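Student: Below you'll find start-v8.txt; it's compact mmCIF, C-alpha atoms.
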# COMPACT_ATOMS: atom_id res chain seq x y z
CA ALA A 172 0.00 0.00 0.00
CA ALA A 173 2.87 2.38 0.78
CA LEU A 174 4.50 1.60 -2.57
CA VAL A 175 1.28 2.50 -4.39
CA SER A 176 1.09 5.81 -2.52
CA ILE A 177 4.67 6.71 -3.45
CA ARG A 178 3.96 5.85 -7.08
CA TYR A 179 1.26 8.56 -7.15
CA LEU A 180 2.94 11.01 -4.80
CA ILE A 181 6.12 11.52 -6.83
CA PRO A 182 4.37 12.48 -10.13
CA ALA A 183 1.98 14.74 -8.18
CA MET A 184 4.90 16.57 -6.56
CA ALA A 185 6.62 16.90 -9.94
CA LEU A 186 3.44 18.41 -11.41
CA VAL A 187 3.19 20.96 -8.58
CA LEU A 188 6.81 21.98 -9.06
CA ALA A 189 6.36 22.22 -12.84
CA VAL A 190 3.35 24.53 -12.47
CA GLY A 191 5.29 26.78 -10.10
CA TYR A 192 8.27 26.88 -12.45
CA ALA A 193 6.08 27.64 -15.47
CA PHE A 194 4.32 30.46 -13.63
CA ASP A 195 7.59 32.04 -12.45
CA HIS A 196 9.81 31.55 -15.51
CA ILE A 197 7.72 30.93 -18.64
CA LEU A 198 4.62 33.14 -18.44
CA LEU A 199 4.86 36.77 -19.50
CA PRO A 200 4.06 39.48 -16.94
CA HIS A 201 0.64 40.29 -18.40
CA GLN A 202 -0.28 36.59 -18.35
CA LYS A 203 0.73 36.32 -14.69
CA GLN A 204 -1.35 39.40 -13.92
CA ARG A 205 -4.45 37.90 -15.57
CA ILE A 206 -4.09 34.70 -13.59
CA LEU A 207 -3.62 36.61 -10.32
CA VAL A 208 -6.75 38.67 -11.08
CA LEU A 209 -8.68 35.49 -11.87
CA LEU A 210 -7.63 33.88 -8.59
CA GLY A 211 -8.59 37.02 -6.65
CA LYS A 212 -5.05 37.65 -5.44
CA VAL A 213 -5.00 41.10 -7.09
CA ASP A 214 -7.83 43.59 -7.62
CA ASP A 215 -7.00 45.52 -10.77
CA LEU A 216 -10.32 46.92 -12.02
CA ARG A 217 -8.63 49.53 -14.21
CA GLY A 218 -5.97 47.25 -15.64
CA ALA A 219 -5.94 43.49 -16.21
CA GLY A 220 -9.32 42.98 -14.51
CA TYR A 221 -11.16 45.71 -16.42
CA ASN A 222 -12.48 43.54 -19.25
CA VAL A 223 -13.90 40.85 -17.00
CA HIS A 224 -15.34 43.39 -14.57
CA GLN A 225 -17.20 45.24 -17.33
CA SER A 226 -18.36 41.93 -18.80
CA LEU A 227 -19.86 40.87 -15.47
CA ILE A 228 -21.57 44.25 -15.11
CA ALA A 229 -23.10 43.83 -18.59
CA ILE A 230 -24.31 40.29 -17.92
CA GLY A 231 -25.72 41.26 -14.53
CA SER A 232 -27.53 44.31 -15.87
CA GLY A 233 -29.40 42.15 -18.40
CA GLY A 234 -31.45 40.47 -15.71
CA PHE A 235 -33.88 37.72 -16.65
CA GLN A 236 -35.23 39.01 -19.97
CA GLY A 237 -32.55 41.51 -20.95
CA LYS A 238 -32.76 45.13 -21.99
CA GLY A 239 -33.70 44.45 -25.59
CA PHE A 240 -31.88 44.33 -28.90
CA LEU A 241 -29.35 47.20 -29.19
CA LYS A 242 -30.54 48.73 -25.91
CA GLY A 243 -27.69 47.64 -23.67
CA THR A 244 -26.07 50.52 -21.82
CA GLN A 245 -22.71 48.76 -21.47
CA THR A 246 -22.75 47.98 -25.18
CA LYS A 247 -23.69 51.42 -26.40
CA GLY A 248 -21.24 53.10 -24.05
CA ASP A 249 -18.39 50.87 -25.27
CA PHE A 250 -17.58 49.89 -21.70
CA VAL A 251 -17.10 46.24 -22.65
CA PRO A 252 -13.91 46.00 -24.74
CA GLU A 253 -13.72 43.62 -27.68
CA GLN A 254 -17.47 43.12 -27.45
CA HIS A 255 -17.77 41.95 -31.05
CA THR A 256 -15.37 39.01 -30.58
CA ASP A 257 -14.00 38.04 -27.15
CA TYR A 258 -16.89 39.29 -25.02
CA ILE A 259 -19.86 38.65 -27.30
CA PHE A 260 -21.52 36.49 -24.66
CA SER A 261 -21.67 39.43 -22.25
CA ILE A 262 -23.55 41.42 -24.89
CA ILE A 263 -25.98 38.53 -25.36
CA GLY A 264 -26.44 38.43 -21.59
CA GLU A 265 -27.10 42.16 -21.40
CA GLU A 266 -29.43 42.51 -24.37
CA TRP A 267 -31.25 39.16 -24.16
CA GLY A 268 -30.77 38.40 -20.46
CA PHE A 269 -30.75 35.01 -18.81
CA LEU A 270 -33.24 33.61 -21.32
CA GLY A 271 -31.10 34.59 -24.32
CA SER A 272 -27.98 33.23 -22.66
CA ILE A 273 -29.66 29.90 -21.98
CA LEU A 274 -30.91 29.83 -25.58
CA VAL A 275 -27.35 30.32 -26.94
CA ILE A 276 -25.97 27.67 -24.58
CA GLY A 277 -28.78 25.30 -25.55
CA CYS A 278 -28.18 25.83 -29.29
CA PHE A 279 -24.46 25.15 -28.94
CA THR A 280 -25.14 22.09 -26.80
CA ALA A 281 -27.63 20.76 -29.35
CA LEU A 282 -25.19 21.38 -32.22
CA ILE A 283 -22.32 19.61 -30.47
CA ILE A 284 -24.52 16.66 -29.48
CA ARG A 285 -25.82 16.42 -33.06
CA ILE A 286 -22.27 16.34 -34.45
CA LEU A 287 -21.26 13.65 -31.93
CA TRP A 288 -24.39 11.65 -32.77
CA GLN A 289 -23.53 11.83 -36.47
CA ALA A 290 -19.93 10.85 -35.70
CA GLU A 291 -21.11 7.66 -34.01
CA LYS A 292 -23.04 6.67 -37.14
CA GLN A 293 -20.01 6.96 -39.45
CA THR A 294 -18.47 3.77 -40.77
CA ASN A 295 -15.40 5.47 -42.20
CA GLN A 296 -12.76 6.08 -39.51
CA PHE A 297 -11.59 9.39 -41.03
CA ARG A 298 -15.12 10.81 -41.01
CA ARG A 299 -15.59 9.75 -37.40
CA VAL A 300 -12.32 11.32 -36.24
CA PHE A 301 -13.05 14.47 -38.26
CA SER A 302 -16.50 14.81 -36.68
CA TYR A 303 -15.05 14.38 -33.20
CA SER A 304 -12.41 17.01 -34.01
CA VAL A 305 -14.99 19.54 -35.21
CA SER A 306 -17.13 18.99 -32.13
CA SER A 307 -14.04 19.36 -29.91
CA ILE A 308 -13.08 22.67 -31.52
CA LEU A 309 -16.62 23.99 -31.13
CA PHE A 310 -16.76 22.87 -27.50
CA VAL A 311 -13.39 24.36 -26.56
CA HIS A 312 -14.23 27.73 -28.16
CA PHE A 313 -17.66 27.68 -26.52
CA LEU A 314 -16.28 26.79 -23.09
CA ILE A 315 -13.39 29.27 -23.15
CA ASN A 316 -15.38 32.21 -24.52
CA ILE A 317 -18.23 31.85 -22.04
CA GLY A 318 -15.75 31.16 -19.22
CA MET A 319 -13.87 34.37 -20.09
CA SER A 320 -17.08 36.40 -20.12
CA LEU A 321 -18.10 35.03 -16.71
CA GLY A 322 -14.64 35.46 -15.18
CA LEU A 323 -14.05 31.73 -14.74
CA ILE A 324 -11.11 31.50 -17.17
CA PRO A 325 -8.37 34.09 -17.84
CA THR A 326 -8.88 36.21 -20.94
CA ILE A 327 -7.03 34.64 -23.86
CA GLY A 328 -8.88 36.09 -26.86
CA ILE A 329 -10.91 33.20 -28.24
CA PRO A 330 -14.07 34.19 -30.16
CA LEU A 331 -17.40 32.40 -29.88
CA LEU A 332 -17.61 30.49 -33.15
CA LEU A 333 -20.68 31.11 -35.33
CA VAL A 334 -21.61 34.13 -33.18
CA SER A 335 -18.62 36.51 -32.91
CA TYR A 336 -17.56 38.86 -35.64
CA GLY A 337 -14.76 37.29 -37.68
CA GLY A 338 -11.26 38.52 -38.22
What do you get writing this file as structure tokens?
Tutor:
Amino acid sequence: AALVSIRYLIPAMALVLAVGYAFDHILLPHQKQRILVLLGKVDDLRGAGYNVHQSLIAIGSGGFQGKGFLKGTQTKGDFVPEQHTDYIFSIIGEEWGFLGSILVIGCFTALIIRILWQAEKQTNQFRRVFSYSVSSILFVHFLINIGMSLGLIPTIGIPLLLVSYGG
């Protein structure tokens, strides 16, 4: 039993040390600042935390039904930066509220499930792997963009596919 514990303890300690080393020596200063803001170690509402703070204000001001199409105060005032790409979900939350946000999440969930369902029906291995890859890309973009808008993931600049303005 002790041998099994050591077998798991050594890789776990190596992982902890690797994360610390990466944070101290590999990440750039602005990346470290974003992570510290995300973890709540630093309050920087005018610097690295500005985008997320304004995004949360926009989502919160939308309420249950939202303010209406093109009637969002945070949107019109350009308080939310990069609102056409990185923070498009906060604009949806402000203008369409909780109901619109749930509708977008539901549509993406249905699309990803449909792609996975079609992947399972494929007899050709390439088509199956390709379908899984497309669904994975959609899911990762969906998860990261909404996580950035809600302040759950550091801002990394990933647009919400099929919704954000391209470029």
Student: For atom CA of Ile327 of chain A and atom CA of Ile206 of chain A, determine how far apart the two atoms are, in Å to one decimal place.
Tutor: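 The value is 10.7 Å.
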Student: Please indicate the distance in Å from atom CA of Tyr258 of chain A to atom CA of Asn316 of chain A, rounded to one decimal place.
Tutor: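 Between these atoms lies a distance of 7.3 Å.
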Student: For Ser302 of chain A, list every protein, DNA or RNA residue within 8 Å, evaluated using only C-alpha atoms, and leave out those in the same chain fewer than 4 positions away; present the list as a VMD selection string.
Tutor: chain A and resid 286 to 287 289 to 290 298 306
Student: Please report the interatomic distance between atom CA of Phe260 of chain A and atom CA of Ile273 of chain A in Å with one decimal.
Tutor: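 If I compute the distance from atom CA of Phe260 of chain A to atom CA of Ile273 of chain A, I get 10.8 Å.
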Student: Closest to Leu333 of chain A among A:Phe250, A:Phe279, A:Phe297, A:Phe235, using all atoms listed in the file?
Tutor: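 The shortest atom-to-atom distance to Leu333 of chain A comes from A:Phe279.
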